[in-house]
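A.B. asks: One structure, as structure tokens, below. Some questions next.
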Number of protein chains: 4
Amino acid sequence: VGTPIAIVGVSGFSGIELAKLVSARRELELVSVFSDRWRGELLGKHVAGLGRAAHVVVRPQAEALMAAHEADVVLLATPAEVSAELAPKILANGSRVLDLSGAFRLPDPDVFRAYYRFEPADPAVLAETRYALPQLPHASGGAPAIETARLVSNPGCYATAAILPLAALLARGLVEPEGLFIDGKSGVTGAGRKLADKYLFTEVAENLSAYRVADHQHTPEIELALSRIAGRDVRVTFAPHLVPLRRGLVATCFGRLHEGVSQADLEAAMRDAYPDESSVFGERIVEVVAVEDATVAAVHGTPRARIAARADTPRRAFVAIGAIDNLMKGAASQALENLLAMLSVPGAS
Amino acid sequence: VGTPIAIVGVSGFSGIELAKLVSARRELELVSVFSDRWRGELLGKHVAGLGRAAHVVVRPQAEALMAAHEADVVLLATPAEVSAELAPKILANGSRVLDLSGAFRLPDPDVFRAYYRFEPADPAVLAETRYALPQLPHASGGAPAIETARLVSNPGCYATAAILPLAALLARGLVEPEGLFIDGKSGVTGAGRKLADKYLFTEVAENLSAYRVADHQHTPEIELALSRIAGRDVRVTFAPHLVPLRRGLVATCFGRLHEGVSQADLEAAMRDAYPDESSVFGERIVEVVAVEDATVAAVHGTPRARIAARADTPRRAFVAIGAIDNLMKGAASQALENLLAMLSVPGAS
Amino acid sequence: VGTPIAIVGVSGFSGIELAKLVSARRELELVSVFSDRWRGELLGKHVAGLGRAAHVVVRPQAEALMAAHEADVVLLATPAEVSAELAPKILANGSRVLDLSGAFRLPDPDVFRAYYRFEPADPAVLAETRYALPQLPHASGGAPAIETARLVSNPGCYATAAILPLAALLARGLVEPEGLFIDGKSGVTGAGRKLADKYLFTEVAENLSAYRVADHQHTPEIELALSRIAGRDVRVTFAPHLVPLRRGLVATCFGRLHEGVSQADLEAAMRDAYPDESSVFGERIVEVVAVEDATVAAVHGTPRARIAARADTPRRAFVAIGAIDNLMKGAASQALENLLAMLSVPGAS
Amino acid sequence: VGTPIAIVGVSGFSGIELAKLVSARRELELVSVFSDRWRGELLGKHVAGLGRAAHVVVRPQAEALMAAHEADVVLLATPAEVSAELAPKILANGSRVLDLSGAFRLPDPDVFRAYYRFEPADPAVLAETRYALPQLPHASGGAPAIETARLVSNPGCYATAAILPLAALLARGLVEPEGLFIDGKSGVTGAGRKLADKYLFTEVAENLSAYRVADHQHTPEIELALSRIAGRDVRVTFAPHLVPLRRGLVATCFGRLHEGVSQADLEAAMRDAYPDESSVFGERIVEVVAVEDATVAAVHGTPRARIAARADTPRRAFVAIGAIDNLMKGAASQALENLLAMLSVPGAS
């Protein structure tokens with residue numbers, strides 16, 4: 001039998017995808033799931049294709065602490081405020097935690113407060129957290145190795161889509177680390193299942209709008225990860241947009257090329273940064289493609305990221321694109337990559 | 001009775017909107033319409049709400065030259081290749097022309113060839129063309145006045161959405177004229193009614209993709225208009241995207257602030273640049289709003305543009321947004337503004 | 001100046017369309033509008049293209065009774081419960097009322113309770129109500145003439161789409177009055193602007209579901225109108241569906257042909273039932289077309305209904321289709337037809 | 001290693017789903033795939049998540065006959081005209097065939113011609129074909145057992161959704177076999193990947209239209225299957241509609257109840273007709289639910305069918321609903337059920 005795993009927040013969009021991915025793995029066994037929305041019901045009533053895990057009964061979230069006694073790793077698919085409170089308690093009860101929220105992504109408490117607008121978690125817990133973007137170990141700074149980390153923080157969806165292409169270009173010094181701009185476009189599931197006017201069909205269909213411009217909480221996360229990778233300070237201005245998609249996310253990144261950098265240089269840097277064909281999904285995660293092929297459709301429902309870059313040499317500028325499924329590489333499938341790495345499953349990076 | 005007007009390409013998305021707008025004006029009379037797709041049929045069979053113009057019979061496009069003898073102004077809602085050939089002949093036959101395509105937007109023949117990929121029109125005709133963005137007369141350079149111009153060129157949809165916010169900031173010298181980036185997001189009608197795989201419902205729904213990155217033909221149009229307004233060379237890198245909308249367009253523009261420029265400076269510049277409450281539509285065309293209110297829904301089906309800007313002062317950067325309906329302010333309603341100005345109708349700028 | 005008109009519930013989807021239609025008519029003047037959602041704001045802040053009416057200030061709904069002193073006709077675009085309470089009071093204060101809700105469509109109190117689930121209005125008020133489907137005066141039974149009626153009830157959206165085709169066939173005795181089935185398909189605006197999980201983009205997009213099957217409140221409305229027209233009892237089984245549209249409604253109706261009835265008979269009956277080319281909108285309202293042309297796109301944003309019928313002669317059955325824009329012929333434009341008829345404006349039926 | 005399988009037409013919507021399903025089964029091995037659109041490319045370039053099958057090279061369709069020498073069963077995801085020609089040749093070369101098209105669903109050549117509008121296949125081949133809806137063996141008539149049948153015909157998408165609920169009610173004699181009506185609503189993938197104006201995003205979004213009313217080729221297929229199950233002649237009038245979905249299909253069925261039949265009778269009949277919890281997918285295929293839960297979202301991307309029925313007892317009528325994913329239970333997952341049954345894989349019905 002597989003390693004026992006729990007999911008808190010299983011009825012959210014990411015929680016549902018997590019349940020599907022975990023239950024499909026022989027190495028894992030989904031033993032406990034928590035959600036107030038579905039409490040008392042069989043998980044299989046709401047999610048198709050779970051196999052044995054269909055028979056797990058959903059328990060109220062107030063019982064989530066018990067997960068620490070039932071599972072080796074507890075996956076938190078909960079809002080940041082909930083994760084911030086829950087994770088330390090679960091750790092204290094002896095289980096490891098993989099958190100999908102932003103609660104543990106920013107080590108600096110002032111930056112955290114400015115963007116998340118609530119008090120950050122205990123500094124000691126933050127200090128032992130590993131921020132883990134599987135294809136970019138340097139983005140984790142000096143954190144504990146994932147095989148031993150007690151608390152792993154899964155990257156944000158926009159952050160993943162933007163960091164993957166930009167890291168390759170910055171690591172090789174092809175582009176200027178200042179004056180970077182990111183235009184994010186996300187489907188509605190990126191906001192979770194929130195009952196608000198702005199997420200009604202009548203408001204989202206035939207509409208498109210920016211939000212939290214130059215103020216989104218993934219901004220410092222992107223800056224921190226890219227700064228670690230570039231080995232110097234990187235600053236980005238980020239403008240996210242809500243588009244009429246259920247799922248899918250594209251980050252279009254703009255900046256200045258260093259003198260003499262060509263289209264071929266950009267492509268070589270991206271290919272060299274992500275050489276590996278293998279993954280826990282049996283295929284390449286990061287695909288380097290032409291800019292017009294970094295589409296939502298190509299990654300929809302898959303654990304893949306497609307990245308691309310185009311030099312605008314007459315203007316010494318570039319455009320880099322990252323496309324992911326916000327619920328997969330932007331949340332659940334990236335979490336599965338991290339989870340298997342935490343458990344040292346062969347093939348997991 | 002009103003001034004006689006003809007429309008060539010009436011069955012296209014812009015042509016249909018033009019027919020509605022022209023037929024609704026007392027000052028105008030829609031006398032001739034051309035389209036191979038609907039030839040021989042009554043216009044009212046395909047377009048609702050036309051009043052008397054419903055009874056105009058659609059003629060084949062091969063007869064479009066005759067429009068010169070029937071109308072004081074011929075509106076060309078045709079592909080650029082068709083406009084380039086047709087407009088000079090109509091002028092020669094004595095009618096004025098308002099062209100909605102890109103055929104006459106770029107005076108430099110080399111730039112035209114590089115982006116449009118066919119031979120530009122006769123330099124003499126280009127020389128007398130007025131590029132006309134009604135709220136920004138300086139974008140027209142030294143062209144003939146619109147009241148007397150024989151050939152008026154209507155701006156592109158992306159160009160309109162990007163120029164309106166950027167012009168206000170550049171004219172007042174608040175932002176750097178180099179290192180500007182534009183992320184365009186357009187509904188599918190922006191491409192016209194083209195039968196191609198990429199425009200099928202199954203390809204567009206739940207998808208989003210970039211195209212002609214750093215290579216789109218509106219790039220030099222934007223650079224030329226902004227350079228005229230700024231009084232110095234402006235360069236932009238432009239990445240358009242196809243999004244699952246029928247109509248609507250958002251241009252999100254990024255760049256560097258000059259030292260010490262504040263959010264209040266940006267807002268003041270935008271409000272001062274577009275002071276006028278009146279228009280041929282009886283209401284303000286350009287609305288300055290907060291970035292989250294520059295949405296497609298707010299301009300859908302209207303002649304309005306919503307513009308907004310946000311300073312990212314810690315990074316000395318800014319984000320400016322222009323939102324329009326690509327078929328209205330991005331094509332037909334802007335054409336009506338220009339048409340009424342050509343005819344010196346009171347209230348038309 | 002025009003007849004003074006008030007709208008209660010102006011911020012709803014139908015209220016917005018009403019405001020646009022009323023303000024566009026020379027014969028009318030929009031003097032008072034009410035809505036808690038927009039109270040204290042200029043109407044023009046939220047609705048484009050209103051002309052002078054843009055400057056009307058929205059007042060709280062609690063002040064709606066004052067409309068009776070300000071307007072000759074008060075339009076109620078309010079939920080049925082609100083209309084049921086408000087309409088009698090407005091009448092008592094001396095103004096006429098045109099109600100867009102279902103509050104006054106069913107004269108039988110038991111039937112009303114069974115489908116609307118609250119107490120019906122005062123029988124005396126119901127008795128003087130005119131149910132008014134402009135193209136079908138027989139659907140009004142023995143009610144007061146619309147020119148003199150104090151209270152006019154606008155038909156339901158599904159009811160309008162189903163009654164228009166079926167009335168033509170039943171009136172001429174071509175089809176059996178029992179065993180009629182109606183499959184309704186409506187866009188989300190048909191439900192009004194309700195904040196509920198089922199109307200979220202994530203629930204509606206890529207989804208389609210039936211609701212209130214054989215239990216919808218338009219069922220007895222359809223039966224009553226068709227019974228009056230057929231001169232005998234008509235019973236229908238109605239299954240409405242929510243489809244991923246913003247606006248638009250199709251009613252597909254099924255039933256049995258009388259012996260020997262042909263496709264030509266069906267078409268002739270439909271054409272003869274709606275002979276008139278004219279309307280207050282300057283064009284035909286009801287268009288008889290082939291079944292594949294009775295589409296949402298053809299009526300989207302227009303006051304038109306498209307109706308069609310197809311005989312399945314080998315099975316002695318038929319399919320009849322009615323397509324409307326649920327916010328126009330299904331609500332606001334039909335209300336405008338009725339309003340102008342109430343005021344005896346020439347051209348209004 | 002698994003049984004060698006080939007897919008012809010692998011680049012179509014159903015072909016892609018088939019490739020995913022086949023490659024995920026240990027009992028099967030996808031050895032040969034054919035498609036002109038992707039010929040010469042690796043299958044994994046276009047389809048994610050295939051595992052080893054990603055490395056199969058797509059060959060031109062002209063080589064499809066060779067599949068007979070490479071695979072034990074050849075799956076035809078081709079247009080009916082292609083299947084009609086190809087299947088007999090593949091059989092003659094010694095391989096078994098599972099056809100997803102309509103080419104072999106109608107044994108009567110006159111009926112076939114009337115609805116498919118081309119010449120039917122060889123009567124001898126038709127005579128040995130098994131029409132196979134896995135949960136309803138009686139729908140197959142007296143055809144060879146699926147374990148031995150050389151040619152198996154997969155049901156149509158609309159047919160599957162309509163037959164599943166109606167069969168349960170007819171088999172138990174609860175409803176009248178005449179005067180049945182079916183309103184079908186299908187996503188655009190139901191039409192395959194066809195380049196035609198009517199399938200453009202601009203035509204499908206915010207639109208809904210009926211097509212082939214009382215004339216669709218699934219009509220006789222439904223009548224034949226239901227007649228076999230009811231043991232007497234069943235006639236249906238069928239009106240399909242195109243709705244703005246990528247995938248998903250709902251059949252809403254209407255008819256007359258026999259005297260005294262209750263809601264409980266309908267529900268009992270449906271539950272009794274589909275008792276089995278198990279399937280080759282490890283879970284129940286047919287779920288009996290309330291009418292409002294037979295939604296596209298509940299079956300989207302799954303092999304499930306949801307069926308429901310509601311008695312309209314005052315009118316002695318009923319509404320029955322079947323909801324499936326048109327590419328899964330309406331095509332590929334039903335084909336996998338049949339394929340595993342052909343191979344006598346334990347658990348396959």
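Scheme for the structure tokens: letters A, B, ... for chains in order shown; per-chain residue numbers from 1; ligand numbers from 1 in order shown.
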Using DSSP on the backbone coordinates, identify all residues within segment 20-100 of chain A classified as alpha helix (DSSP H); present the result as number ranges by chain.
C.D. replies: A: 20-23, 67-70, 80-92
A.B. asks: Identify all chain A residues at most 7 Å from chain B by counting only C-alpha atoms; ligands do not count. Present them as a short mmCIF file (atom, residue, chain, number, x, y, z; two decimals) with N, CA, C and O atoms, in the first residue's frame.
C.D. replies:
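Saved the output as part-v2.cif:
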data_model
loop_
_atom_site.label_atom_id
_atom_site.label_comp_id
_atom_site.auth_asym_id
_atom_site.auth_seq_id
_atom_site.Cartn_x
_atom_site.Cartn_y
_atom_site.Cartn_z
N PHE A 181 8.30 43.44 -16.85
CA PHE A 181 6.86 43.60 -16.75
C PHE A 181 6.17 42.27 -17.05
O PHE A 181 6.59 41.56 -17.96
N GLU A 206 -17.88 37.38 -22.08
CA GLU A 206 -17.74 38.61 -22.89
C GLU A 206 -17.20 39.76 -22.06
O GLU A 206 -17.60 40.92 -22.22
N ASN A 207 -16.28 39.47 -21.17
CA ASN A 207 -15.64 40.52 -20.38
C ASN A 207 -14.17 40.15 -20.19
O ASN A 207 -13.76 39.01 -20.43
N LEU A 208 -13.39 41.10 -19.77
CA LEU A 208 -11.97 40.92 -19.50
C LEU A 208 -11.56 42.14 -18.69
O LEU A 208 -11.87 43.26 -19.07
N SER A 209 -10.88 41.91 -17.56
CA SER A 209 -10.56 43.06 -16.72
C SER A 209 -9.29 42.80 -15.92
O SER A 209 -8.97 41.67 -15.57
N ALA A 210 -8.58 43.88 -15.66
CA ALA A 210 -7.39 43.81 -14.82
C ALA A 210 -7.80 43.93 -13.35
O ALA A 210 -8.86 44.46 -13.03
N TYR A 211 -6.97 43.43 -12.45
CA TYR A 211 -7.24 43.56 -11.02
C TYR A 211 -5.92 43.52 -10.25
O TYR A 211 -4.94 42.94 -10.72
N ALA A 214 -0.14 45.98 -10.15
CA ALA A 214 1.05 46.43 -9.41
C ALA A 214 0.87 46.24 -7.91
O ALA A 214 1.49 46.93 -7.10
N ARG A 235 13.33 43.13 -10.06
CA ARG A 235 12.05 43.78 -9.76
C ARG A 235 11.10 43.62 -10.93
O ARG A 235 11.51 43.76 -12.09
N PRO A 244 -12.26 35.20 -19.71
CA PRO A 244 -13.38 34.24 -19.68
C PRO A 244 -12.98 32.81 -20.04
O PRO A 244 -13.39 32.27 -21.05
N LEU A 245 -12.18 32.23 -19.19
CA LEU A 245 -11.76 30.83 -19.25
C LEU A 245 -12.16 30.17 -17.94
O LEU A 245 -12.16 30.83 -16.90
N ARG A 246 -12.44 28.87 -17.97
CA ARG A 246 -12.58 28.17 -16.71
C ARG A 246 -11.19 27.93 -16.10
O ARG A 246 -10.94 28.24 -14.97
N PHE A 254 7.69 40.99 -20.38
CA PHE A 254 8.36 41.95 -21.25
C PHE A 254 9.60 42.51 -20.56
O PHE A 254 9.57 42.70 -19.33
N VAL A 291 6.41 31.24 -29.70
CA VAL A 291 5.48 32.03 -28.89
C VAL A 291 4.03 31.74 -29.22
O VAL A 291 3.17 31.73 -28.32
N GLU A 292 3.71 31.49 -30.48
CA GLU A 292 2.30 31.28 -30.82
C GLU A 292 1.81 29.88 -30.40
O GLU A 292 0.61 29.61 -30.44
N ALA A 294 2.57 28.66 -27.27
CA ALA A 294 2.44 28.66 -25.81
C ALA A 294 1.01 29.04 -25.46
O ALA A 294 0.73 30.11 -24.95
N THR A 295 0.09 28.11 -25.76
CA THR A 295 -1.34 28.39 -25.64
C THR A 295 -1.95 27.67 -24.44
O THR A 295 -1.42 26.67 -23.96
N VAL A 296 -3.08 28.18 -24.01
CA VAL A 296 -3.82 27.51 -22.95
C VAL A 296 -4.27 26.12 -23.39
O VAL A 296 -4.19 25.15 -22.63
N ALA A 297 -4.75 26.00 -24.64
CA ALA A 297 -5.26 24.71 -25.10
C ALA A 297 -4.19 23.62 -25.02
O ALA A 297 -4.50 22.46 -24.72
N ASP A 312 12.83 41.10 -29.76
CA ASP A 312 12.46 42.24 -30.62
C ASP A 312 13.76 43.04 -30.76
O ASP A 312 13.95 44.09 -30.14
N ARG A 315 14.41 46.82 -31.15
CA ARG A 315 14.10 47.64 -29.97
C ARG A 315 14.85 47.16 -28.73
O ARG A 315 14.58 47.62 -27.63
#
A.B. asks: If we count only C-alpha atoms, what is near Val111 of chain C at a cut-off of 10 Å, once residues fewer than 3 positions away on the same chain are taken out, given as a list in words?
C.D. replies: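 Listing them by chain and then by number gives Leu106, Pro107, Asp108, Ala114, Tyr115, Tyr116, Arg117, Pro120, Gln217, Pro220 and Glu221 of chain C.
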A.B. asks: Excluding segment 3-12 of chain C and residues on its chain fewer than 3 positions from it, collect all residues at most 9 Å away from it, counting only C-alpha atoms, and give them as an MDAnalysis selection string.
C.D. replies: chainID C and resid 15:19 22 27:38 43 46 58 61 64 67:68 70:79 192:193 343
A.B. asks: Residues as selected, N, CA, C and O atoms, written as a compact mmCIF listing (two decimals), in the first residue's frame, can you do that?
C.D. replies:
# COMPACT_ATOMS: atom_id res chain seq x y z
N GLY C 15 -34.28 46.02 -16.40
CA GLY C 15 -34.38 47.44 -16.10
C GLY C 15 -33.42 48.27 -16.94
O GLY C 15 -33.77 49.35 -17.44
N ILE C 16 -32.22 47.77 -17.13
CA ILE C 16 -31.22 48.48 -17.94
C ILE C 16 -31.70 48.58 -19.39
O ILE C 16 -31.64 49.65 -20.01
N GLU C 17 -32.20 47.48 -19.93
CA GLU C 17 -32.68 47.52 -21.31
C GLU C 17 -33.88 48.46 -21.43
O GLU C 17 -34.01 49.21 -22.41
N LEU C 18 -34.76 48.43 -20.45
CA LEU C 18 -35.90 49.35 -20.44
C LEU C 18 -35.44 50.80 -20.49
O LEU C 18 -35.99 51.62 -21.23
N ALA C 19 -34.46 51.12 -19.65
CA ALA C 19 -33.98 52.50 -19.60
C ALA C 19 -33.46 52.94 -20.96
O ALA C 19 -33.71 54.05 -21.42
N VAL C 22 -36.62 53.28 -23.40
CA VAL C 22 -37.49 54.42 -23.07
C VAL C 22 -36.79 55.73 -23.43
O VAL C 22 -37.39 56.63 -24.03
N GLU C 27 -41.40 60.09 -27.79
CA GLU C 27 -42.73 60.18 -27.16
C GLU C 27 -42.66 60.06 -25.65
O GLU C 27 -43.66 60.29 -24.96
N LEU C 28 -41.51 59.62 -25.12
CA LEU C 28 -41.41 59.30 -23.69
C LEU C 28 -40.32 60.13 -23.05
O LEU C 28 -39.37 60.55 -23.70
N GLU C 29 -40.46 60.34 -21.75
CA GLU C 29 -39.36 60.94 -21.01
C GLU C 29 -39.15 60.17 -19.72
O GLU C 29 -40.06 60.05 -18.89
N LEU C 30 -37.94 59.67 -19.54
CA LEU C 30 -37.63 58.90 -18.34
C LEU C 30 -37.35 59.88 -17.21
O LEU C 30 -36.30 60.54 -17.20
N VAL C 31 -38.28 59.98 -16.26
CA VAL C 31 -38.14 61.01 -15.23
C VAL C 31 -37.68 60.46 -13.88
O VAL C 31 -37.05 61.17 -13.10
N SER C 32 -38.01 59.20 -13.59
CA SER C 32 -37.69 58.66 -12.27
C SER C 32 -37.23 57.22 -12.39
O SER C 32 -37.86 56.44 -13.10
N VAL C 33 -36.14 56.92 -11.70
CA VAL C 33 -35.67 55.53 -11.68
C VAL C 33 -35.27 55.15 -10.26
O VAL C 33 -34.79 55.99 -9.49
N PHE C 34 -35.49 53.89 -9.93
CA PHE C 34 -35.30 53.42 -8.56
C PHE C 34 -34.50 52.12 -8.54
O PHE C 34 -34.76 51.22 -9.35
N SER C 35 -33.58 52.03 -7.61
CA SER C 35 -32.78 50.82 -7.42
C SER C 35 -31.90 51.03 -6.20
O SER C 35 -31.21 52.06 -6.10
N ASP C 36 -31.91 50.10 -5.29
CA ASP C 36 -31.04 50.25 -4.12
C ASP C 36 -29.58 50.12 -4.49
O ASP C 36 -28.71 50.74 -3.90
N ARG C 37 -29.32 49.27 -5.49
CA ARG C 37 -27.94 48.97 -5.86
C ARG C 37 -27.18 50.22 -6.33
O ARG C 37 -26.01 50.37 -6.07
N TRP C 38 -27.86 51.09 -7.05
CA TRP C 38 -27.20 52.27 -7.63
C TRP C 38 -27.69 53.55 -6.98
O TRP C 38 -27.51 54.64 -7.54
N LEU C 43 -27.74 57.73 -13.38
CA LEU C 43 -28.01 56.54 -14.18
C LEU C 43 -26.95 56.35 -15.26
O LEU C 43 -26.53 55.24 -15.58
N HIS C 46 -23.81 54.09 -15.07
CA HIS C 46 -23.88 52.63 -15.23
C HIS C 46 -24.40 52.18 -16.58
O HIS C 46 -24.20 51.04 -16.97
N VAL C 58 -30.52 57.96 -9.54
CA VAL C 58 -31.20 56.75 -9.09
C VAL C 58 -31.57 56.92 -7.61
O VAL C 58 -30.74 57.30 -6.79
N GLN C 61 -35.21 52.15 -3.61
CA GLN C 61 -36.48 51.53 -3.98
C GLN C 61 -37.59 51.88 -2.99
O GLN C 61 -38.77 51.87 -3.35
N ALA C 64 -40.09 54.29 -4.21
CA ALA C 64 -40.73 53.99 -5.50
C ALA C 64 -42.19 54.45 -5.55
O ALA C 64 -42.70 54.78 -6.63
N ALA C 67 -43.07 57.55 -7.38
CA ALA C 67 -43.14 57.52 -8.85
C ALA C 67 -44.55 57.78 -9.34
O ALA C 67 -44.76 58.34 -10.42
N ALA C 68 -45.53 57.37 -8.54
CA ALA C 68 -46.92 57.54 -8.96
C ALA C 68 -47.26 59.02 -9.17
O ALA C 68 -48.16 59.35 -9.95
N GLU C 70 -45.04 61.23 -10.16
CA GLU C 70 -44.08 61.82 -11.11
C GLU C 70 -44.28 61.32 -12.54
O GLU C 70 -43.91 62.00 -13.50
N ALA C 71 -44.84 60.13 -12.68
CA ALA C 71 -44.91 59.49 -13.99
C ALA C 71 -46.33 59.10 -14.34
O ALA C 71 -47.13 58.79 -13.45
N ASP C 72 -46.65 59.12 -15.61
CA ASP C 72 -47.97 58.63 -16.05
C ASP C 72 -48.03 57.10 -16.01
O ASP C 72 -49.07 56.53 -15.72
N VAL C 73 -46.91 56.48 -16.35
CA VAL C 73 -46.85 55.02 -16.26
C VAL C 73 -45.58 54.64 -15.50
O VAL C 73 -44.50 55.18 -15.77
N VAL C 74 -45.74 53.73 -14.53
CA VAL C 74 -44.59 53.21 -13.79
C VAL C 74 -44.30 51.80 -14.29
O VAL C 74 -45.18 50.94 -14.26
N LEU C 75 -43.07 51.58 -14.73
CA LEU C 75 -42.65 50.25 -15.19
C LEU C 75 -42.01 49.51 -14.03
O LEU C 75 -41.05 50.01 -13.43
N LEU C 76 -42.53 48.35 -13.71
CA LEU C 76 -41.97 47.56 -12.61
C LEU C 76 -41.10 46.45 -13.17
O LEU C 76 -41.60 45.48 -13.75
N ALA C 77 -39.79 46.59 -13.01
CA ALA C 77 -38.84 45.53 -13.41
C ALA C 77 -38.31 44.92 -12.13
O ALA C 77 -37.11 44.87 -11.88
N THR C 78 -39.23 44.46 -11.32
CA THR C 78 -38.94 43.99 -9.96
C THR C 78 -39.35 42.53 -9.83
O THR C 78 -40.13 42.02 -10.64
N PRO C 79 -38.83 41.82 -8.81
CA PRO C 79 -39.28 40.45 -8.56
C PRO C 79 -40.79 40.42 -8.32
O PRO C 79 -41.37 41.41 -7.87
N GLY C 192 -32.26 36.87 -13.96
CA GLY C 192 -31.95 38.10 -13.24
C GLY C 192 -30.55 38.04 -12.66
O GLY C 192 -29.81 37.08 -12.90
N ARG C 193 -30.17 39.10 -11.95
CA ARG C 193 -28.81 39.15 -11.40
C ARG C 193 -28.83 38.61 -9.99
O ARG C 193 -28.95 39.34 -9.01
N LEU C 343 -50.33 54.11 -24.28
CA LEU C 343 -50.39 55.55 -24.50
C LEU C 343 -50.98 55.89 -25.86
O LEU C 343 -50.97 57.06 -26.27
A.B. asks: Among segment 30-198 of chain A, which ones does DSSP place in strand (DSSP E), written as a ChimeraX atom specification?
C.D. replies: /A:30-34,58-59,73-76,96-99,129-131,151-153,180-186
A.B. asks: Excluding segment 154-156 of chain B and its own-chain neighbours fewer than 4 positions away, which residues fall within 8 Å of it when counting only C-alpha atoms? Please give them as a PyMOL selection string.
C.D. replies: chain B and resi 98-102+105+131-133+160+218+330-331+334-335+338
A.B. asks: Given the selection you just returned, output its residues as a file containing C-alpha atoms, formatted as a PDB file, in the first residue's frame.
C.D. replies:
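As written to disk, selection-v2.pdb reads:
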ATOM      1  CA  LEU B  98     -12.931  56.879 -45.375  1.00  0.00           C
ATOM      2  CA  ASP B  99     -10.880  53.688 -45.143  1.00  0.00           C
ATOM      3  CA  LEU B 100     -11.116  51.390 -42.104  1.00  0.00           C
ATOM      4  CA  SER B 101      -8.228  49.143 -43.146  1.00  0.00           C
ATOM      5  CA  GLY B 102      -4.520  49.583 -42.580  1.00  0.00           C
ATOM      6  CA  ARG B 105      -1.884  54.276 -42.106  1.00  0.00           C
ATOM      7  CA  TYR B 131      -4.790  59.507 -40.280  1.00  0.00           C
ATOM      8  CA  ALA B 132      -7.541  60.521 -37.890  1.00  0.00           C
ATOM      9  CA  LEU B 133      -7.973  59.584 -34.251  1.00  0.00           C
ATOM     10  CA  THR B 160      -6.655  53.137 -30.720  1.00  0.00           C
ATOM     11  CA  HIS B 218      -0.226  48.020 -35.577  1.00  0.00           C
ATOM     12  CA  GLY B 330     -11.848  50.190 -32.726  1.00  0.00           C
ATOM     13  CA  ALA B 331     -13.612  50.458 -36.098  1.00  0.00           C
ATOM     14  CA  GLN B 334     -14.645  55.814 -34.669  1.00  0.00           C
ATOM     15  CA  ALA B 335     -15.343  55.843 -38.402  1.00  0.00           C
ATOM     16  CA  ASN B 338     -14.520  60.765 -38.541  1.00  0.00           C
TER      17      ASN B 338
END
A.B. asks: Would you kindly return, as number ranges by chain, each protein, DNA or RNA residue with an atom no farther than 9 Å from any atom of Arg150 of chain D, considering only C-alpha atoms and excluding same-chain residues fewer than 3 positions away?
C.D. replies: D: 73, 91, 95-98, 128-130, 144, 146-147, 342
A.B. asks: Write a file of the selected residues as an mmCIF file, in the first residue's frame, keeping C-alpha atoms.
C.D. replies:
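Generated file (out-v8.cif):
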data_model
loop_
_atom_site.group_PDB
_atom_site.id
_atom_site.type_symbol
_atom_site.label_atom_id
_atom_site.label_comp_id
_atom_site.auth_asym_id
_atom_site.auth_seq_id
_atom_site.Cartn_x
_atom_site.Cartn_y
_atom_site.Cartn_z
ATOM 1 C CA VAL D 73 -8.757 -4.813 -33.363
ATOM 2 C CA LEU D 91 -12.189 -7.594 -41.953
ATOM 3 C CA SER D 95 -8.521 -8.068 -38.171
ATOM 4 C CA ARG D 96 -11.626 -7.295 -36.133
ATOM 5 C CA VAL D 97 -13.146 -3.801 -36.355
ATOM 6 C CA LEU D 98 -14.833 -1.488 -33.892
ATOM 7 C CA GLU D 128 -22.776 -9.806 -39.030
ATOM 8 C CA THR D 129 -22.417 -6.411 -37.323
ATOM 9 C CA ARG D 130 -23.149 -6.126 -33.633
ATOM 10 C CA PRO D 144 -23.421 -12.159 -32.794
ATOM 11 C CA ILE D 146 -19.640 -9.195 -28.720
ATOM 12 C CA GLU D 147 -16.873 -11.601 -27.688
ATOM 13 C CA MET D 342 -14.690 -7.858 -27.546
#
